[in-house]
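A short write-up of the structure that comes next.
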Amino acid sequence: MKRSLGGNLWHHRDFSRLWFSETVSSFGSQFSGFAIPVLAILSFNASSFEYGALIALGILPYPVLGLFVGVWADRFRKRRIMTICNLGRMASLATIPVAAVLGVLSLPQLFLVALTNGVFSVFFDISYQAYLPILVDRQDLIEGNQKLQVSASGASVAGPGLAGFVYQVIGGAFTCAVDAIGYLVAFLALMDIRKVEPKKPKSGGFFLEMKEGLHVVLGNPLLRTIAGCTATSNLGAYMVGSVFNIFLLKHLNYSAFELGLVYTIGAMGFVVGALAARRVTTTLGFGPGLAVSIGVGGLAILYPLAMYGYAFILPAVVAFIIGTSSPIYNISQISLRQAITPNRLQGRMNGTMRVIVWGTIPVGSFVGGALGVTIGLVDTMYLGGVIAGLAALWILLGPVISLKKQPQPTVEDVLP
């Protein structure tokens, strides 16, 4: 692993604190990310529409607040925003085991926690992606994103299977407490970062700055293509995701542990993909690597075949292959976005991108949940898988496909 993750950041003190913080919170989030949806299905018998709504509420703050948060992230200290968000998510998740002890836990509370955590997460994620280019040099961005992705993927490997086991032992409500503790540890690690962020120059009024953020994405053909590609992929993937757990738990009679194990196997693919990302990009070329890795998401159309045999092996293998492709795409496209955007616009660029690429997630979740009730779970997965696979057309038919390597920053990009 050290060879695959070699580079300049192993001894970068402040990056190490950020890396540790993200590793801990990524591991913890696997527990609540598993427990809350399974609680909704098994304890409150949520329908596919209610399940889709639960997933959508966690993402809805991104398209609703993303443009505003992008401006705030460029105006205020990003590390301060991140620490406050970790404390907020910790407190929100802690209400679930407390309500369970008092005997008042309900499906509406799960909806409220999902929405609250979504609000804190949109502030955190936009600030976090805008913070890395400040913390490390531009030439180290791919290395930094790769290390962070490997940690997140490693947490994904251990998290779901362990969460499924813990869920069966102590119940879903108390499984969420693990994530709350993780956010506390992550908060403490961020507080130990020493680098002082530069003062934020104000370039105009709030809405003028927001307009500048929109222009940097919509006016750049590379960023515009990446936004459309990722948004299309997310639409299809979350149509599948809105019915996937119900399909496995109700139709294939998975236990919570088996469900977690499928996610763990898929996450093993994440680790493989994260470790191989740089080599794949170098071998295939930057643009072709993006096209191949995003197109693999279309293999989700194979999930329903598990009804006819190999009920565990087939979903696990498909999840592994899709999992392998995901970090290859994400590491490359995030590094591209960060490299060609000036530091003063990182927050607004990320905010605008989040509005576009995550804006289709609640749409996919709501539509997928509704279609699961009307046309059935299987046909919904087929349709979502096709849409996810078609996302590759954005790369194949746009300017990104011609890129052999990550572009160097322009003259404007290196201005303070």
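Letters A, B, ... go to the chains of the structure tokens in the order shown; residues in each chain start at 1; ligands are counted from 1 in the same order.
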Closest contacts (stretch 340-390 of chain A/stretch 304-315 of chain A, max 12 Å, only C-alpha atoms) as JSON lines:
{"residue": "A:Gly376", "atom": "CA", "partner": "A:Pro304", "partner_atom": "CA", "distance": 11.3}
{"residue": "A:Leu377", "atom": "CA", "partner": "A:Pro304", "partner_atom": "CA", "distance": 8.7}
{"residue": "A:Val378", "atom": "CA", "partner": "A:Pro304", "partner_atom": "CA", "distance": 5.8}
{"residue": "A:Asp379", "atom": "CA", "partner": "A:Pro304", "partner_atom": "CA", "distance": 8.6}
{"residue": "A:Thr380", "atom": "CA", "partner": "A:Pro304", "partner_atom": "CA", "distance": 9.8}
{"residue": "A:Met381", "atom": "CA", "partner": "A:Pro304", "partner_atom": "CA", "distance": 7.2}
{"residue": "A:Tyr382", "atom": "CA", "partner": "A:Pro304", "partner_atom": "CA", "distance": 7.7}
{"residue": "A:Leu383", "atom": "CA", "partner": "A:Pro304", "partner_atom": "CA", "distance": 11.4}
{"residue": "A:Gly384", "atom": "CA", "partner": "A:Pro304", "partner_atom": "CA", "distance": 11.8}
{"residue": "A:Gly385", "atom": "CA", "partner": "A:Pro304", "partner_atom": "CA", "distance": 10.6}
For C-alpha atoms, I'd like the residues from the last selection saved as a JSON list (two decimals), in the first residue's frame.
[["chain", "number", "residue", "atom", "x", "y", "z"],
["A", 376, "GLY", "CA", -42.10, -2.64, -9.25],
["A", 377, "LEU", "CA", -38.64, -2.93, -7.74],
["A", 378, "VAL", "CA", -37.11, -4.93, -10.59],
["A", 379, "ASP", "CA", -38.14, -2.62, -13.44],
["A", 380, "THR", "CA", -36.99, 0.37, -11.38],
["A", 381, "MET", "CA", -33.52, -1.16, -11.05],
["A", 382, "TYR", "CA", -33.38, -1.87, -14.79],
["A", 383, "LEU", "CA", -34.31, 1.71, -15.65],
["A", 384, "GLY", "CA", -31.93, 3.23, -13.10],
["A", 385, "GLY", "CA", -29.05, 1.05, -14.30]]
(request) Find the residues around stretch 133-150 of chain A up to 8 Å (only C-alpha atoms counted), leave out those fewer than 5 positions away in its own chain, and share them as a list in words. (result)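 Residues near the query, excluding close chain neighbours: Leu5, Gly6, Gly7, Asn8, Leu9, Asp14, Phe15, Trp19, Glu22, Thr23, Lys195, Glu197, Phe270, Val271, Ala274, Leu275, Ala277, Pro327, Ile331, Ser332, Ile334, Ser335, Gln338, Ala339 and Asn343 of chain A.
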(request) For A:Ala53, please output as a VMD selection string all residues within 9 Å (counting only C-alpha atoms; exclusion window: fewer than 6 positions along the same chain). (result) chain A and resid 111 242 362 365 to 366 369
Let's have the selection written as a PDB file, in the first residue's frame, with N, CA and C atoms.
ATOM      1  N   PHE A 111     -36.563  10.700   9.674  1.00  0.00           N
ATOM      2  CA  PHE A 111     -36.605  11.699   8.604  1.00  0.00           C
ATOM      3  C   PHE A 111     -35.923  12.998   9.047  1.00  0.00           C
ATOM      4  N   SER A 242     -32.806   3.432  -4.221  1.00  0.00           N
ATOM      5  CA  SER A 242     -34.053   3.637  -3.472  1.00  0.00           C
ATOM      6  C   SER A 242     -34.826   2.342  -3.266  1.00  0.00           C
ATOM      7  N   PRO A 362     -31.814  13.478  -4.779  1.00  0.00           N
ATOM      8  CA  PRO A 362     -33.174  13.378  -4.224  1.00  0.00           C
ATOM      9  C   PRO A 362     -34.218  13.119  -5.306  1.00  0.00           C
ATOM     10  N   SER A 365     -34.010   9.436  -5.872  1.00  0.00           N
ATOM     11  CA  SER A 365     -34.551   8.709  -4.725  1.00  0.00           C
ATOM     12  C   SER A 365     -36.072   8.774  -4.694  1.00  0.00           C
ATOM     13  N   PHE A 366     -36.639   9.973  -4.896  1.00  0.00           N
ATOM     14  CA  PHE A 366     -38.097  10.110  -4.914  1.00  0.00           C
ATOM     15  C   PHE A 366     -38.713   9.347  -6.087  1.00  0.00           C
ATOM     16  N   GLY A 369     -38.308   5.585  -5.606  1.00  0.00           N
ATOM     17  CA  GLY A 369     -39.242   5.092  -4.595  1.00  0.00           C
ATOM     18  C   GLY A 369     -40.662   5.012  -5.127  1.00  0.00           C
TER      19      GLY A 369
END
Polymer residues at most 9 Å from A:Tyr183, only C-alpha atoms, same-chain spacing of 3 or more positions, as a JSON list (two decimals) with N, CA and C atoms, in the first residue's frame:
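What landed in out_17.json:
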[["chain", "number", "residue", "atom", "x", "y", "z"],
["A", 21, "SER", "N", -8.91, 12.66, 10.71],
["A", 21, "SER", "CA", -10.27, 13.10, 11.01],
["A", 21, "SER", "C", -11.27, 12.49, 10.04],
["A", 24, "VAL", "N", -11.72, 8.60, 10.55],
["A", 24, "VAL", "CA", -12.58, 8.27, 11.70],
["A", 24, "VAL", "C", -14.05, 8.54, 11.37],
["A", 25, "SER", "N", -14.33, 9.73, 10.82],
["A", 25, "SER", "CA", -15.73, 10.06, 10.55],
["A", 25, "SER", "C", -16.29, 9.19, 9.42],
["A", 28, "GLY", "N", -17.17, 5.87, 11.04],
["A", 28, "GLY", "CA", -18.38, 6.00, 11.86],
["A", 28, "GLY", "C", -19.63, 6.16, 11.02],
["A", 29, "SER", "N", -19.52, 6.91, 9.92],
["A", 29, "SER", "CA", -20.72, 7.16, 9.12],
["A", 29, "SER", "C", -21.25, 5.89, 8.47],
["A", 86, "ASN", "N", -19.19, 18.92, 12.46],
["A", 86, "ASN", "CA", -18.96, 17.63, 13.11],
["A", 86, "ASN", "C", -19.68, 17.56, 14.46],
["A", 87, "LEU", "N", -19.65, 18.65, 15.20],
["A", 87, "LEU", "CA", -20.37, 18.67, 16.48],
["A", 87, "LEU", "C", -21.87, 18.58, 16.26],
["A", 88, "GLY", "N", -22.37, 19.26, 15.23],
["A", 88, "GLY", "CA", -23.80, 19.22, 14.94],
["A", 88, "GLY", "C", -24.27, 17.83, 14.55],
["A", 89, "ARG", "N", -23.48, 17.14, 13.72],
["A", 89, "ARG", "CA", -23.87, 15.79, 13.32],
["A", 89, "ARG", "C", -23.79, 14.82, 14.49],
["A", 90, "MET", "N", -22.83, 15.03, 15.37],
["A", 90, "MET", "CA", -22.74, 14.20, 16.56],
["A", 90, "MET", "C", -24.00, 14.33, 17.41],
["A", 178, "VAL", "N", -22.22, 4.85, 17.50],
["A", 178, "VAL", "CA", -20.83, 4.72, 17.04],
["A", 178, "VAL", "C", -20.46, 5.90, 16.16],
["A", 179, "ASP", "N", -21.36, 6.29, 15.28],
["A", 179, "ASP", "CA", -21.10, 7.43, 14.39],
["A", 179, "ASP", "C", -20.99, 8.72, 15.19],
["A", 180, "ALA", "N", -21.84, 8.89, 16.20],
["A", 180, "ALA", "CA", -21.78, 10.09, 17.02],
["A", 180, "ALA", "C", -20.42, 10.23, 17.69],
["A", 186, "ALA", "N", -13.35, 13.14, 15.29],
["A", 186, "ALA", "CA", -12.99, 13.90, 14.09],
["A", 186, "ALA", "C", -12.90, 15.39, 14.40],
["A", 187, "PHE", "N", -13.80, 15.88, 15.22],
["A", 187, "PHE", "CA", -13.77, 17.29, 15.64],
["A", 187, "PHE", "C", -12.45, 17.61, 16.35],
["A", 188, "LEU", "N", -12.03, 16.75, 17.26],
["A", 188, "LEU", "CA", -10.79, 16.99, 18.01],
["A", 188, "LEU", "C", -9.57, 16.99, 17.10]]
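Considering the residues A:Tyr131, A:Tyr329, A:Phe206, A:Phe244 and counting only C-alpha atoms, A:Ile226 has its shortest atom-to-atom contact with A:Tyr329.
If you measure from each of A:Gly295, A:Gly372, A:Gly273, A:Gly347 to A:Phe123 using only C-alpha atoms, the closest one turns out to be A:Gly347.
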So which residues touch A:Ala100 within 12 Å, counting only C-alpha atoms, skipping near sequence neighbours fewer than 5 positions away, as a PDB file with N, CA and C atoms, in the first residue's frame?
ATOM      1  N   LEU A  39     -33.295   0.369   9.895  1.00  0.00           N
ATOM      2  CA  LEU A  39     -34.295   0.640  10.934  1.00  0.00           C
ATOM      3  C   LEU A  39     -35.637   0.988  10.300  1.00  0.00           C
ATOM      4  N   SER A  43     -37.938  -1.977  11.327  1.00  0.00           N
ATOM      5  CA  SER A  43     -38.661  -1.582  12.542  1.00  0.00           C
ATOM      6  C   SER A  43     -39.941  -0.818  12.261  1.00  0.00           C
ATOM      7  N   LEU A  93     -27.220  12.701  15.676  1.00  0.00           N
ATOM      8  CA  LEU A  93     -27.256  11.234  15.730  1.00  0.00           C
ATOM      9  C   LEU A  93     -27.489  10.720  17.148  1.00  0.00           C
ATOM     10  N   ALA A  94     -26.997  11.458  18.140  1.00  0.00           N
ATOM     11  CA  ALA A  94     -27.154  11.019  19.528  1.00  0.00           C
ATOM     12  C   ALA A  94     -28.613  10.991  19.948  1.00  0.00           C
ATOM     13  N   THR A  95     -29.480  11.731  19.246  1.00  0.00           N
ATOM     14  CA  THR A  95     -30.898  11.727  19.626  1.00  0.00           C
ATOM     15  C   THR A  95     -31.566  10.377  19.343  1.00  0.00           C
ATOM     16  N   LEU A 105     -38.813   6.540  19.767  1.00  0.00           N
ATOM     17  CA  LEU A 105     -38.215   6.600  18.440  1.00  0.00           C
ATOM     18  C   LEU A 105     -39.276   6.315  17.382  1.00  0.00           C
ATOM     19  N   SER A 106     -39.284   7.103  16.304  1.00  0.00           N
ATOM     20  CA  SER A 106     -40.300   6.963  15.266  1.00  0.00           C
ATOM     21  C   SER A 106     -39.684   7.216  13.889  1.00  0.00           C
ATOM     22  N   LEU A 107     -40.425   6.846  12.859  1.00  0.00           N
ATOM     23  CA  LEU A 107     -39.982   7.100  11.489  1.00  0.00           C
ATOM     24  C   LEU A 107     -39.844   8.596  11.204  1.00  0.00           C
ATOM     25  N   GLN A 109     -38.850  10.851  13.199  1.00  0.00           N
ATOM     26  CA  GLN A 109     -37.577  11.287  13.772  1.00  0.00           C
ATOM     27  C   GLN A 109     -36.410  10.899  12.868  1.00  0.00           C
ATOM     28  N   LEU A 110     -36.479   9.720  12.272  1.00  0.00           N
ATOM     29  CA  LEU A 110     -35.425   9.323  11.337  1.00  0.00           C
ATOM     30  C   LEU A 110     -35.377  10.285  10.149  1.00  0.00           C
ATOM     31  N   ILE A 170     -27.049  -5.259  19.162  1.00  0.00           N
ATOM     32  CA  ILE A 170     -27.538  -4.200  20.067  1.00  0.00           C
ATOM     33  C   ILE A 170     -28.667  -3.366  19.471  1.00  0.00           C
ATOM     34  N   GLY A 171     -29.024  -3.613  18.204  1.00  0.00           N
ATOM     35  CA  GLY A 171     -30.104  -2.863  17.593  1.00  0.00           C
ATOM     36  C   GLY A 171     -29.613  -1.654  16.819  1.00  0.00           C
ATOM     37  N   GLY A 172     -30.440  -1.186  15.881  1.00  0.00           N
ATOM     38  CA  GLY A 172     -30.047  -0.090  15.004  1.00  0.00           C
ATOM     39  C   GLY A 172     -29.863   1.235  15.707  1.00  0.00           C
ATOM     40  N   ALA A 173     -30.699   1.521  16.698  1.00  0.00           N
ATOM     41  CA  ALA A 173     -30.615   2.816  17.373  1.00  0.00           C
ATOM     42  C   ALA A 173     -29.273   3.009  18.043  1.00  0.00           C
ATOM     43  N   PHE A 174     -28.783   1.974  18.708  1.00  0.00           N
ATOM     44  CA  PHE A 174     -27.514   2.105  19.424  1.00  0.00           C
ATOM     45  C   PHE A 174     -26.320   1.991  18.476  1.00  0.00           C
ATOM     46  N   THR A 175     -26.539   1.408  17.303  1.00  0.00           N
ATOM     47  CA  THR A 175     -25.481   1.383  16.289  1.00  0.00           C
ATOM     48  C   THR A 175     -25.152   2.803  15.838  1.00  0.00           C
ATOM     49  N   CYS A 176     -26.148   3.682  15.846  1.00  0.00           N
ATOM     50  CA  CYS A 176     -25.924   5.080  15.445  1.00  0.00           C
ATOM     51  C   CYS A 176     -24.998   5.811  16.413  1.00  0.00           C
ATOM     52  N   ALA A 177     -24.924   5.340  17.660  1.00  0.00           N
ATOM     53  CA  ALA A 177     -24.057   5.985  18.645  1.00  0.00           C
ATOM     54  C   ALA A 177     -22.586   5.898  18.242  1.00  0.00           C
TER      55      ALA A 177
END
(request) Rank A:Gly359, A:Gly164, A:Gly289, A:Gly58 by their smallest atom-to-atom distance to A:Val119, using only C-alpha atoms, and report the top residue only. (result)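 Closest candidate: A:Gly58.
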(message) Please report the interatomic distance between atom CA of A:Arg75 and atom CA of A:Leu336 in Å with one decimal.
(response)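 Here the two named atoms are 22.9 Å from each other.
In terms of minimum interatomic distance to A:Ala370, A:Tyr51 ranks closest within A:Tyr51, A:Gln168, A:Val386, A:Gly161, counting only C-alpha atoms.
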Can you write out as a Markdown table which residues of stretch 245-358 of chain A fall within 12 Å of stretch 392-401 of chain A, alongside each residue's closest atom pair and its distance in Å to one decimal, counting only C-alpha atoms and ordering rows by chain and ascending residue number?
| residue | atom | partner | partner_atom | distance |
| --- | --- | --- | --- | --- |
| A:Thr281 | CA | A:Ile401 | CA | 12.0 |
| A:Leu284 | CA | A:Ile401 | CA | 10.7 |
| A:Gly285 | CA | A:Ile401 | CA | 8.6 |
| A:Phe286 | CA | A:Ile401 | CA | 7.6 |
| A:Gly287 | CA | A:Ile401 | CA | 4.0 |
| A:Pro288 | CA | A:Ile401 | CA | 5.6 |
| A:Gly289 | CA | A:Ile401 | CA | 8.6 |
| A:Leu290 | CA | A:Ile395 | CA | 7.2 |
| A:Ala291 | CA | A:Ala392 | CA | 5.1 |
| A:Val292 | CA | A:Ala392 | CA | 7.2 |
| A:Ser293 | CA | A:Ala392 | CA | 8.4 |
| A:Ile294 | CA | A:Ala392 | CA | 5.8 |
| A:Gly295 | CA | A:Ala392 | CA | 4.9 |
| A:Val296 | CA | A:Ala392 | CA | 8.7 |
| A:Gly297 | CA | A:Ala392 | CA | 9.3 |
| A:Gly298 | CA | A:Ala392 | CA | 9.4 |
| A:Tyr329 | CA | A:Ala392 | CA | 10.9 |
| A:Ser332 | CA | A:Val400 | CA | 11.4 |
| A:Gln333 | CA | A:Val400 | CA | 10.1 |
| A:Leu336 | CA | A:Val400 | CA | 10.3 |
| A:Arg337 | CA | A:Val400 | CA | 12.0 |
(message) With DSSP run on the backbone, what are the alpha helix (DSSP H) residues within stretch 219-305 of chain A? I'd like them as a count of residues only.
(response) 65
